[in-house]
Amino acid sequence: MDDMKFRIRRLPVIQNWSCHSCGNCCREYFVTVTDEERQRIEAQGWAARPGFHDGPLFVPYRGPRWRKEYRLAHRADGSCVFLDERGLCRIHAEFGETAKPIACQLYPYMLVPAGDELRVSVRFSCPSAARNLGRPVADQEEQIRQYARQLVPAGARPVPTAALGARQQLAWPDLLACIDMIERLLADRAVELPARLIRALAFVRLLEEAQFDKLQGKRFRAFLDLAWDACVADAGATPECAPWAGVLFRLMVAQCARKDLSPHLRSGLAGRWRLLQAARRFARGRGIIPRLQPLFGEVAFDQVEQPFGGPPPDAGAMLERYYRIKTTGIQFFGNPFYGVPMIEGFYSLALTYPAILWIARWLAAGAGRRQLATDDVATALTVVDHQWGFAPVFGFGYARRRVRLLAGQRQIEPLIRRYSQ
């Protein structure tokens with residue numbers, strides 16, 4: 001199919017990215033390959049070269065025996081078998097970028113169909129993307145179009161509707177108008193980012209209560225205008241965070257701070273037992289926080305719960321960029337996010353804000369500081385974005401029920417307020 005049938009929507013903010021050869025993506029992810037990619041890489045003759053005799057190029061990943069999926073193999077240190085000592089991909093160096101699996105070519109970009117558009121989003125699990133380093137993404141549009149040509153199947157046609165709520169479908173033009181409203185609320189710098197997120201939550205709650213069978217045409221546009229006025233009005237004080245909400249939130253933080261997608265994760269019964277024990281300690285919220293990754297220091301739960309003064313201005317700008325890109329890139333619902341409807345997906349996205357700041361406090365306290373630095377927030381952002389939306393655990397029923405319960409009892413807003421202080 002000619003990808004020009006789908007318009008490519010540009011990012012709403014200035015986002016830069018270039019690969020700085022840190023090698024993180026080649027160490028922190030399992031990369032699945034298609035049968036065609038596997039055959040193409042095997043034909044490059046790597047198995048006969050020095051350094052490739054001791055292990056396979058690919059290993060089975062998942063699926064039944066008769067339809068097994070494969071991924072790139074990793075060495076004992078966790079790095080991809082094709083990663084060299086300089087942090088560069090051997091396939092790319094010898095055969096060019098297009099010889100790599102499409103997942104490696106595309107990262108950290110994502111292309112998400114939205115009606116007759118392809119929306120561009122960015123993975124902030126890449127440190128260069130989080131820190132806005134490199135060439136403007138706007139200057140890389142032709143490269144993104146080439147990715148679209150590889151990803152969009154021949155004969156693909158726009159899907160007419162998408163799920164707004166559990167029982168509500170909206171035509172894509174109307175749903176995208178709602179997305180644009182959320183992005184406008186997040187872009188309004190008249191207030192700080194936590195207040196913008198709370199305003200966006202208020203708008204999503206209005207969507208949840210609306211009867212869209214009675215909101216057609218001009219009535220729908222009038223509803224959006226009235227919703228804007230209602231959401232930018234003073235929301236007043238939010239309630240205190242309930243103790244039970246703190247338990248559910250810490251369990252979410254624990255899942256964000258793991259490395260479920262990484263070859264470094266220890267598997268087997270022993271690994272599962274350690275994760276279960278860590279979850280119990282997060283639920284209690286007392287004593288020393290389990291070190292789910294080596295980058296975390298030995299910190300007590302009560303240290304993280306003390307006020308840290310909020311993120312510095314540079315970190316606030318980074319987080320604004322993150323949420324505006326995730327929103328317009330439609331990375332928080334539908335196929336890119338466990339198939340959940342838009343309303344539930346935005347509740348989950350909003351919960352990442354206090355999760356990022358909780359983990360940033362953990363990093364700062366581990367370094368002996370009581371104030372957040374930009375690097376704390378940047379590292380926490382990469383940690384959360386590594387998991388959120390990609391680790392299967394966030395799509396499990398209990399994880400989704402946790403989000404709905406926190407949203408239904410209006411506990412997301414006090415969590416945002418609490419960890420912004």
# chains A, B, ... in the order shown; residues from 1 in each chain; ligands from 1
>>> residues_around(residues="Thr32 (chain A)", least_positions_apart="4", cutoff="7 Å", atoms="only C-alpha atoms", output="ChimeraX atom specification")
/A:70-72
>>> write_last_selection(atoms="all heavy atoms", output="compact mmCIF listing (two decimals), in the first residue's frame")
# COMPACT_ATOMS: atom_id res chain seq x y z
N TYR A 70 10.75 -15.84 17.25
CA TYR A 70 12.16 -15.78 17.62
C TYR A 70 12.56 -14.34 17.92
O TYR A 70 11.93 -13.39 17.46
CB TYR A 70 13.03 -16.33 16.48
CG TYR A 70 12.97 -17.83 16.36
CD1 TYR A 70 11.91 -18.45 15.70
CD2 TYR A 70 13.95 -18.64 16.93
CE1 TYR A 70 11.83 -19.83 15.60
CE2 TYR A 70 13.89 -20.02 16.83
CZ TYR A 70 12.83 -20.61 16.17
OH TYR A 70 12.77 -21.98 16.08
N ARG A 71 13.60 -14.23 18.71
CA ARG A 71 14.19 -12.93 19.01
C ARG A 71 15.70 -13.00 18.82
O ARG A 71 16.29 -14.08 18.76
CB ARG A 71 13.88 -12.50 20.45
CG ARG A 71 14.47 -13.42 21.51
CD ARG A 71 14.31 -12.83 22.90
NE ARG A 71 14.75 -13.73 23.96
CZ ARG A 71 16.01 -13.86 24.35
NH1 ARG A 71 16.99 -13.18 23.75
NH2 ARG A 71 16.32 -14.69 25.33
N LEU A 72 16.33 -11.82 18.73
CA LEU A 72 17.79 -11.78 18.67
C LEU A 72 18.37 -12.34 19.97
O LEU A 72 17.85 -12.08 21.05
CB LEU A 72 18.27 -10.34 18.47
CG LEU A 72 17.86 -9.64 17.17
CD1 LEU A 72 18.39 -8.22 17.14
CD2 LEU A 72 18.33 -10.41 15.95
>>> residues_around(residues="Ser420 (chain A)", least_positions_apart="6", cutoff="8 Å", atoms="only C-alpha atoms", output="VMD selection string")
chain A and resid 194 309 to 311 354 357
>>> closest_atom_pairs(of="region 11-36 of chain A", to="region 86-99 of chain A", cutoff="12 Å", atoms="only C-alpha atoms", output="Markdown table")
| residue | atom | partner | partner_atom | distance |
| --- | --- | --- | --- | --- |
| A:Cys19 | CA | A:Leu88 | CA | 10.0 |
| A:His20 | CA | A:Gly87 | CA | 9.1 |
| A:Ser21 | CA | A:Gly87 | CA | 5.4 |
| A:Cys22 | CA | A:Gly87 | CA | 6.1 |
| A:Gly23 | CA | A:Gly87 | CA | 5.0 |
| A:Asn24 | CA | A:Gly87 | CA | 8.8 |
| A:Cys25 | CA | A:Gly87 | CA | 10.2 |
| A:Cys26 | CA | A:Cys89 | CA | 8.4 |
| A:Arg27 | CA | A:Gly87 | CA | 9.9 |
| A:Glu36 | CA | A:Ala99 | CA | 11.2 |
>>> residues_around(residues="Leu206 (chain A)", least_positions_apart="5", cutoff="10 Å", atoms="only C-alpha atoms", output="list in words")
Ala200, Leu201, Gln211, Phe223, Leu224, Ala227, Ala230 and Cys231 of chain A
>>> closest_residue(among="A:Pro50, A:Ile102, A:Gly155, A:Ala177", to="Ala222 (chain A)", atoms="only C-alpha atoms")
A:Ala177
>>> residues_around(residues="region 238-249 of chain A", least_positions_apart="5", cutoff="12 Å", atoms="only C-alpha atoms", output="PyMOL selection string")
chain A and resi 194-195+198-199+202+254-256+279-286+301+305+348+351-356+358-359+398-419
>>> write_last_selection(atoms="N, CA and C atoms", output="CSV table (one decimal), in the first residue's frame")
chain,number,residue,atom,x,y,z
A,194,PRO,N,1.3,19.9,36.9
A,194,PRO,CA,0.4,19.1,37.7
A,194,PRO,C,-1.1,19.6,37.5
A,195,ALA,N,-1.3,20.9,37.5
A,195,ALA,CA,-2.6,21.4,37.4
A,195,ALA,C,-3.2,21.1,36.0
A,198,ILE,N,-4.4,17.6,36.0
A,198,ILE,CA,-5.7,17.5,36.7
A,198,ILE,C,-6.8,18.1,35.9
A,199,ARG,N,-6.6,19.2,35.1
A,199,ARG,CA,-7.6,19.7,34.2
A,199,ARG,C,-7.9,18.7,33.1
A,202,ALA,N,-10.1,16.1,34.5
A,202,ALA,CA,-11.5,16.6,34.6
A,202,ALA,C,-12.2,16.5,33.3
A,254,ALA,N,6.3,-0.3,41.7
A,254,ALA,CA,7.2,-1.5,41.7
A,254,ALA,C,7.2,-2.1,40.3
A,255,GLN,N,6.1,-2.1,39.7
A,255,GLN,CA,6.1,-2.7,38.3
A,255,GLN,C,6.7,-1.8,37.3
A,256,CYS,N,6.7,-0.5,37.5
A,256,CYS,CA,7.4,0.4,36.7
A,256,CYS,C,8.9,0.3,36.8
A,279,ALA,N,7.1,-7.1,46.0
A,279,ALA,CA,5.7,-6.6,45.9
A,279,ALA,C,5.1,-6.5,47.3
A,280,ARG,N,5.3,-7.5,48.2
A,280,ARG,CA,4.8,-7.4,49.5
A,280,ARG,C,5.4,-6.2,50.3
A,281,ARG,N,6.7,-6.0,50.1
A,281,ARG,CA,7.3,-4.9,50.8
A,281,ARG,C,6.9,-3.5,50.3
A,282,PHE,N,6.6,-3.4,49.0
A,282,PHE,CA,6.0,-2.2,48.4
A,282,PHE,C,4.6,-2.0,49.0
A,283,ALA,N,3.9,-3.0,49.1
A,283,ALA,CA,2.5,-2.9,49.6
A,283,ALA,C,2.5,-2.4,51.1
A,284,ARG,N,3.5,-2.9,51.9
A,284,ARG,CA,3.6,-2.4,53.3
A,284,ARG,C,4.1,-1.0,53.3
A,285,GLY,N,5.0,-0.7,52.5
A,285,GLY,CA,5.6,0.7,52.5
A,285,GLY,C,6.4,1.1,53.7
A,286,ARG,N,7.0,0.1,54.3
A,286,ARG,CA,7.9,0.3,55.5
A,286,ARG,C,9.3,-0.3,55.3
A,301,PHE,N,11.4,3.8,52.7
A,301,PHE,CA,10.2,4.3,52.1
A,301,PHE,C,9.9,5.7,52.7
A,305,GLU,N,8.8,9.6,50.9
A,305,GLU,CA,7.5,10.2,51.2
A,305,GLU,C,7.7,11.6,51.7
A,348,SER,N,-4.5,5.8,33.2
A,348,SER,CA,-3.2,5.2,33.4
A,348,SER,C,-2.0,6.1,33.0
A,351,LEU,N,-1.3,8.5,35.8
A,351,LEU,CA,-0.7,7.9,37.0
A,351,LEU,C,0.8,7.8,36.8
A,352,THR,N,1.3,7.8,35.6
A,352,THR,CA,2.8,7.8,35.4
A,352,THR,C,3.5,9.0,36.0
A,353,TYR,N,2.7,10.1,36.1
A,353,TYR,CA,3.4,11.4,36.6
A,353,TYR,C,3.9,11.2,38.0
A,354,PRO,N,3.0,10.8,39.0
A,354,PRO,CA,3.5,10.6,40.3
A,354,PRO,C,4.5,9.4,40.4
A,355,ALA,N,4.3,8.4,39.5
A,355,ALA,CA,5.2,7.3,39.5
A,355,ALA,C,6.6,7.8,39.1
A,356,ILE,N,6.8,8.6,38.1
A,356,ILE,CA,8.1,9.1,37.7
A,356,ILE,C,8.7,9.9,38.8
A,358,TRP,N,8.1,9.7,42.1
A,358,TRP,CA,8.4,8.8,43.2
A,358,TRP,C,9.7,8.2,42.9
A,359,ILE,N,9.9,7.7,41.7
A,359,ILE,CA,11.2,7.0,41.4
A,359,ILE,C,12.3,8.0,41.4
A,398,TYR,N,-5.8,-7.4,36.8
A,398,TYR,CA,-5.6,-6.8,38.1
A,398,TYR,C,-5.0,-5.4,38.0
A,399,ALA,N,-4.1,-5.2,37.0
A,399,ALA,CA,-3.4,-3.9,36.9
A,399,ALA,C,-4.5,-2.9,36.3
A,400,ARG,N,-5.3,-3.4,35.4
A,400,ARG,CA,-6.3,-2.5,34.8
A,400,ARG,C,-7.4,-2.1,35.9
A,401,ARG,N,-7.7,-3.1,36.7
A,401,ARG,CA,-8.7,-2.8,37.8
A,401,ARG,C,-8.2,-1.8,38.8
A,402,ARG,N,-6.9,-1.9,39.0
A,402,ARG,CA,-6.2,-0.9,39.9
A,402,ARG,C,-6.4,0.5,39.4
A,403,VAL,N,-6.1,0.7,38.1
A,403,VAL,CA,-6.3,2.0,37.5
A,403,VAL,C,-7.7,2.5,37.6
A,404,ARG,N,-8.7,1.6,37.3
A,404,ARG,CA,-10.1,2.0,37.3
A,404,ARG,C,-10.5,2.3,38.7
A,405,LEU,N,-10.0,1.6,39.7
A,405,LEU,CA,-10.4,1.9,41.1
A,405,LEU,C,-9.9,3.2,41.5
A,406,LEU,N,-8.6,3.5,41.2
A,406,LEU,CA,-8.0,4.8,41.6
A,406,LEU,C,-8.7,5.9,40.9
A,407,ALA,N,-9.1,5.7,39.7
A,407,ALA,CA,-9.8,6.8,38.9
A,407,ALA,C,-11.2,6.9,39.5
A,408,GLY,N,-11.9,5.8,39.7
A,408,GLY,CA,-13.3,5.9,40.2
A,408,GLY,C,-13.4,6.5,41.5
A,409,GLN,N,-12.4,6.4,42.4
A,409,GLN,CA,-12.5,7.0,43.7
A,409,GLN,C,-11.7,8.3,43.7
A,410,ARG,N,-11.4,8.8,42.6
A,410,ARG,CA,-10.8,10.2,42.4
A,410,ARG,C,-9.5,10.3,43.2
A,411,GLN,N,-8.7,9.3,43.1
A,411,GLN,CA,-7.4,9.3,43.9
A,411,GLN,C,-6.2,9.6,43.0
A,412,ILE,N,-6.4,9.7,41.7
A,412,ILE,CA,-5.2,10.1,40.8
A,412,ILE,C,-4.8,11.5,41.1
A,413,GLU,N,-5.8,12.4,41.2
A,413,GLU,CA,-5.5,13.8,41.4
A,413,GLU,C,-4.7,14.0,42.7
A,414,PRO,N,-5.1,13.5,43.9
A,414,PRO,CA,-4.2,13.7,45.1
A,414,PRO,C,-2.8,13.1,45.0
A,415,LEU,N,-2.7,12.0,44.2
A,415,LEU,CA,-1.4,11.4,44.0
A,415,LEU,C,-0.5,12.4,43.2
A,416,ILE,N,-1.1,13.0,42.2
A,416,ILE,CA,-0.3,14.0,41.4
A,416,ILE,C,0.1,15.2,42.3
A,417,ARG,N,-0.8,15.7,43.1
A,417,ARG,CA,-0.5,16.8,44.0
A,417,ARG,C,0.6,16.4,45.0
A,418,ARG,N,0.4,15.3,45.6
A,418,ARG,CA,1.3,14.9,46.6
A,418,ARG,C,2.8,14.8,46.2
A,419,TYR,N,3.0,14.1,45.0
A,419,TYR,CA,4.4,13.9,44.6
A,419,TYR,C,4.9,15.1,43.8
>>> closest_residue(among="A:Ala360, A:Val33, A:Val340, A:Leu186", to="Thr382 (chain A)", atoms="only C-alpha atoms")
A:Ala360
>>> closest_residue(among="A:Glu85, A:Lys68, A:His74, A:Leu207", to="Ile179 (chain A)", atoms="only C-alpha atoms")
A:Leu207
>>> select_by_dssp(residues="region 140-344 of chain A", states="alpha helix (DSSP H)", output="MDAnalysis selection string")
chainID A and resid 141:151 172:187 193:209 218:232 243:257 268:284 301:304 313:328 342:344
>>> atom_distance(atom1="CA of Arg135 (chain A)", atom2="CA of Val31 (chain A)")
25.0 Å
>>> closest_residue(among="A:Pro60, A:Gly165, A:Gly55, A:Pro160", to="Met342 (chain A)", atoms="only C-alpha atoms")
A:Gly165
>>> closest_residue(among="A:Arg65, A:Arg123, A:Arg324, A:Arg274", to="Leu111 (chain A)", atoms="only C-alpha atoms")
A:Arg123
>>> decode(residues="region 142-190 of chain A", atoms="N, CA and C atoms", output="PDB file, in the first residue's frame")
ATOM      1  N   GLU A 142      11.152  12.219   6.067  1.00  0.00           N
ATOM      2  CA  GLU A 142      11.289  11.257   4.975  1.00  0.00           C
ATOM      3  C   GLU A 142      11.686   9.887   5.507  1.00  0.00           C
ATOM      4  N   GLN A 143      12.549   9.860   6.509  1.00  0.00           N
ATOM      5  CA  GLN A 143      12.920   8.592   7.114  1.00  0.00           C
ATOM      6  C   GLN A 143      11.705   7.937   7.771  1.00  0.00           C
ATOM      7  N   ILE A 144      10.887   8.737   8.438  1.00  0.00           N
ATOM      8  CA  ILE A 144       9.679   8.211   9.066  1.00  0.00           C
ATOM      9  C   ILE A 144       8.713   7.669   8.023  1.00  0.00           C
ATOM     10  N   ARG A 145       8.634   8.322   6.869  1.00  0.00           N
ATOM     11  CA  ARG A 145       7.788   7.818   5.784  1.00  0.00           C
ATOM     12  C   ARG A 145       8.286   6.471   5.279  1.00  0.00           C
ATOM     13  N   GLN A 146       9.584   6.297   5.244  1.00  0.00           N
ATOM     14  CA  GLN A 146      10.124   5.000   4.827  1.00  0.00           C
ATOM     15  C   GLN A 146       9.731   3.903   5.816  1.00  0.00           C
ATOM     16  N   TYR A 147       9.757   4.230   7.097  1.00  0.00           N
ATOM     17  CA  TYR A 147       9.295   3.259   8.087  1.00  0.00           C
ATOM     18  C   TYR A 147       7.823   2.925   7.852  1.00  0.00           C
ATOM     19  N   ALA A 148       7.027   3.954   7.538  1.00  0.00           N
ATOM     20  CA  ALA A 148       5.602   3.730   7.306  1.00  0.00           C
ATOM     21  C   ALA A 148       5.385   2.781   6.135  1.00  0.00           C
ATOM     22  N   ARG A 149       6.186   2.909   5.110  1.00  0.00           N
ATOM     23  CA  ARG A 149       6.042   2.027   3.943  1.00  0.00           C
ATOM     24  C   ARG A 149       6.308   0.573   4.305  1.00  0.00           C
ATOM     25  N   GLN A 150       7.197   0.353   5.271  1.00  0.00           N
ATOM     26  CA  GLN A 150       7.474  -1.015   5.694  1.00  0.00           C
ATOM     27  C   GLN A 150       6.407  -1.562   6.637  1.00  0.00           C
ATOM     28  N   LEU A 151       5.777  -0.670   7.402  1.00  0.00           N
ATOM     29  CA  LEU A 151       4.886  -1.117   8.473  1.00  0.00           C
ATOM     30  C   LEU A 151       3.432  -1.250   8.055  1.00  0.00           C
ATOM     31  N   VAL A 152       2.975  -0.400   7.124  1.00  0.00           N
ATOM     32  CA  VAL A 152       1.561  -0.401   6.765  1.00  0.00           C
ATOM     33  C   VAL A 152       1.316  -1.494   5.735  1.00  0.00           C
ATOM     34  N   PRO A 153       0.478  -2.479   6.046  1.00  0.00           N
ATOM     35  CA  PRO A 153       0.261  -3.589   5.107  1.00  0.00           C
ATOM     36  C   PRO A 153      -0.388  -3.120   3.814  1.00  0.00           C
ATOM     37  N   ALA A 154      -0.113  -3.856   2.738  1.00  0.00           N
ATOM     38  CA  ALA A 154      -0.751  -3.560   1.453  1.00  0.00           C
ATOM     39  C   ALA A 154      -2.265  -3.714   1.600  1.00  0.00           C
ATOM     40  N   GLY A 155      -2.981  -2.736   1.062  1.00  0.00           N
ATOM     41  CA  GLY A 155      -4.441  -2.792   1.104  1.00  0.00           C
ATOM     42  C   GLY A 155      -5.056  -2.333   2.392  1.00  0.00           C
ATOM     43  N   ALA A 156      -4.263  -1.824   3.321  1.00  0.00           N
ATOM     44  CA  ALA A 156      -4.807  -1.367   4.603  1.00  0.00           C
ATOM     45  C   ALA A 156      -5.758  -0.195   4.396  1.00  0.00           C
ATOM     46  N   ARG A 157      -6.808  -0.172   5.176  1.00  0.00           N
ATOM     47  CA  ARG A 157      -7.788   0.907   5.119  1.00  0.00           C
ATOM     48  C   ARG A 157      -8.021   1.446   6.522  1.00  0.00           C
ATOM     49  N   PRO A 158      -8.345   2.739   6.637  1.00  0.00           N
ATOM     50  CA  PRO A 158      -8.594   3.308   7.967  1.00  0.00           C
ATOM     51  C   PRO A 158      -9.736   2.616   8.678  1.00  0.00           C
ATOM     52  N   VAL A 159      -9.576   2.415   9.982  1.00  0.00           N
ATOM     53  CA  VAL A 159     -10.649   1.886  10.823  1.00  0.00           C
ATOM     54  C   VAL A 159     -11.563   3.054  11.187  1.00  0.00           C
ATOM     55  N   PRO A 160     -12.879   2.938  11.011  1.00  0.00           N
ATOM     56  CA  PRO A 160     -13.747   4.117  11.169  1.00  0.00           C
ATOM     57  C   PRO A 160     -13.939   4.605  12.591  1.00  0.00           C
ATOM     58  N   THR A 161     -13.892   3.691  13.584  1.00  0.00           N
ATOM     59  CA  THR A 161     -14.186   4.091  14.964  1.00  0.00           C
ATOM     60  C   THR A 161     -13.115   3.549  15.910  1.00  0.00           C
ATOM     61  N   ALA A 162     -13.122   4.079  17.128  1.00  0.00           N
ATOM     62  CA  ALA A 162     -12.228   3.600  18.188  1.00  0.00           C
ATOM     63  C   ALA A 162     -12.975   3.684  19.508  1.00  0.00           C
ATOM     64  N   ALA A 163     -12.480   2.956  20.507  1.00  0.00           N
ATOM     65  CA  ALA A 163     -13.171   2.866  21.798  1.00  0.00           C
ATOM     66  C   ALA A 163     -12.861   4.082  22.654  1.00  0.00           C
ATOM     67  N   LEU A 164     -13.893   4.829  23.003  1.00  0.00           N
ATOM     68  CA  LEU A 164     -13.756   5.927  23.959  1.00  0.00           C
ATOM     69  C   LEU A 164     -13.817   5.379  25.383  1.00  0.00           C
ATOM     70  N   GLY A 165     -14.830   4.588  25.662  1.00  0.00           N
ATOM     71  CA  GLY A 165     -15.004   3.961  26.968  1.00  0.00           C
ATOM     72  C   GLY A 165     -15.286   2.483  26.805  1.00  0.00           C
ATOM     73  N   ALA A 166     -15.626   1.840  27.903  1.00  0.00           N
ATOM     74  CA  ALA A 166     -15.836   0.396  27.866  1.00  0.00           C
ATOM     75  C   ALA A 166     -16.966   0.015  26.918  1.00  0.00           C
ATOM     76  N   ARG A 167     -17.988   0.864  26.777  1.00  0.00           N
ATOM     77  CA  ARG A 167     -19.143   0.547  25.925  1.00  0.00           C
ATOM     78  C   ARG A 167     -19.441   1.646  24.920  1.00  0.00           C
ATOM     79  N   GLN A 168     -18.470   2.460  24.621  1.00  0.00           N
ATOM     80  CA  GLN A 168     -18.727   3.611  23.759  1.00  0.00           C
ATOM     81  C   GLN A 168     -17.675   3.699  22.665  1.00  0.00           C
ATOM     82  N   GLN A 169     -18.127   3.661  21.412  1.00  0.00           N
ATOM     83  CA  GLN A 169     -17.264   3.865  20.261  1.00  0.00           C
ATOM     84  C   GLN A 169     -17.513   5.268  19.710  1.00  0.00           C
ATOM     85  N   LEU A 170     -16.441   5.903  19.233  1.00  0.00           N
ATOM     86  CA  LEU A 170     -16.565   7.204  18.578  1.00  0.00           C
ATOM     87  C   LEU A 170     -15.908   7.131  17.211  1.00  0.00           C
ATOM     88  N   ALA A 171     -16.455   7.877  16.266  1.00  0.00           N
ATOM     89  CA  ALA A 171     -15.785   8.023  14.979  1.00  0.00           C
ATOM     90  C   ALA A 171     -14.440   8.719  15.209  1.00  0.00           C
ATOM     91  N   TRP A 172     -13.459   8.334  14.428  1.00  0.00           N
ATOM     92  CA  TRP A 172     -12.123   8.879  14.643  1.00  0.00           C
ATOM     93  C   TRP A 172     -12.076  10.411  14.627  1.00  0.00           C
ATOM     94  N   PRO A 173     -12.770  11.106  13.717  1.00  0.00           N
ATOM     95  CA  PRO A 173     -12.699  12.583  13.770  1.00  0.00           C
ATOM     96  C   PRO A 173     -13.134  13.149  15.118  1.00  0.00           C
ATOM     97  N   ASP A 174     -14.205  12.585  15.698  1.00  0.00           N
ATOM     98  CA  ASP A 174     -14.657  13.072  17.002  1.00  0.00           C
ATOM     99  C   ASP A 174     -13.669  12.682  18.106  1.00  0.00           C
ATOM    100  N   LEU A 175     -13.148  11.463  18.047  1.00  0.00           N
ATOM    101  CA  LEU A 175     -12.191  11.043  19.074  1.00  0.00           C
ATOM    102  C   LEU A 175     -10.917  11.879  18.998  1.00  0.00           C
ATOM    103  N   LEU A 176     -10.466  12.193  17.778  1.00  0.00           N
ATOM    104  CA  LEU A 176      -9.264  13.017  17.638  1.00  0.00           C
ATOM    105  C   LEU A 176      -9.514  14.441  18.123  1.00  0.00           C
ATOM    106  N   ALA A 177     -10.757  14.915  18.001  1.00  0.00           N
ATOM    107  CA  ALA A 177     -11.079  16.236  18.567  1.00  0.00           C
ATOM    108  C   ALA A 177     -10.938  16.197  20.087  1.00  0.00           C
ATOM    109  N   CYS A 178     -11.317  15.074  20.715  1.00  0.00           N
ATOM    110  CA  CYS A 178     -11.125  14.930  22.162  1.00  0.00           C
ATOM    111  C   CYS A 178      -9.639  14.880  22.515  1.00  0.00           C
ATOM    112  N   ILE A 179      -8.852  14.163  21.710  1.00  0.00           N
ATOM    113  CA  ILE A 179      -7.408  14.102  21.931  1.00  0.00           C
ATOM    114  C   ILE A 179      -6.798  15.492  21.815  1.00  0.00           C
ATOM    115  N   ASP A 180      -7.231  16.247  20.806  1.00  0.00           N
ATOM    116  CA  ASP A 180      -6.711  17.614  20.633  1.00  0.00           C
ATOM    117  C   ASP A 180      -7.055  18.492  21.834  1.00  0.00           C
ATOM    118  N   MET A 181      -8.236  18.278  22.421  1.00  0.00           N
ATOM    119  CA  MET A 181      -8.613  19.042  23.613  1.00  0.00           C
ATOM    120  C   MET A 181      -7.688  18.705  24.787  1.00  0.00           C
ATOM    121  N   ILE A 182      -7.377  17.429  24.974  1.00  0.00           N
ATOM    122  CA  ILE A 182      -6.452  17.044  26.035  1.00  0.00           C
ATOM    123  C   ILE A 182      -5.091  17.690  25.812  1.00  0.00           C
ATOM    124  N   GLU A 183      -4.630  17.677  24.563  1.00  0.00           N
ATOM    125  CA  GLU A 183      -3.324  18.265  24.265  1.00  0.00           C
ATOM    126  C   GLU A 183      -3.326  19.773  24.514  1.00  0.00           C
ATOM    127  N   ARG A 184      -4.418  20.461  24.193  1.00  0.00           N
ATOM    128  CA  ARG A 184      -4.519  21.894  24.468  1.00  0.00           C
ATOM    129  C   ARG A 184      -4.433  22.168  25.966  1.00  0.00           C
ATOM    130  N   LEU A 185      -5.110  21.338  26.750  1.00  0.00           N
ATOM    131  CA  LEU A 185      -5.057  21.510  28.203  1.00  0.00           C
ATOM    132  C   LEU A 185      -3.644  21.286  28.730  1.00  0.00           C
ATOM    133  N   LEU A 186      -2.932  20.305  28.173  1.00  0.00           N
ATOM    134  CA  LEU A 186      -1.568  20.023  28.613  1.00  0.00           C
ATOM    135  C   LEU A 186      -0.590  21.089  28.146  1.00  0.00           C
ATOM    136  N   ALA A 187      -0.938  21.827  27.094  1.00  0.00           N
ATOM    137  CA  ALA A 187      -0.045  22.849  26.547  1.00  0.00           C
ATOM    138  C   ALA A 187      -0.227  24.214  27.197  1.00  0.00           C
ATOM    139  N   ASP A 188      -1.253  24.376  28.018  1.00  0.00           N
ATOM    140  CA  ASP A 188      -1.588  25.679  28.602  1.00  0.00           C
ATOM    141  C   ASP A 188      -0.620  26.026  29.733  1.00  0.00           C
ATOM    142  N   ARG A 189       0.373  26.837  29.428  1.00  0.00           N
ATOM    143  CA  ARG A 189       1.407  27.148  30.408  1.00  0.00           C
ATOM    144  C   ARG A 189       1.008  28.236  31.395  1.00  0.00           C
ATOM    145  N   ALA A 190      -0.262  28.607  31.383  1.00  0.00           N
ATOM    146  CA  ALA A 190      -0.740  29.550  32.397  1.00  0.00           C
ATOM    147  C   ALA A 190      -0.713  28.925  33.782  1.00  0.00           C
TER     148      ALA A 190
END
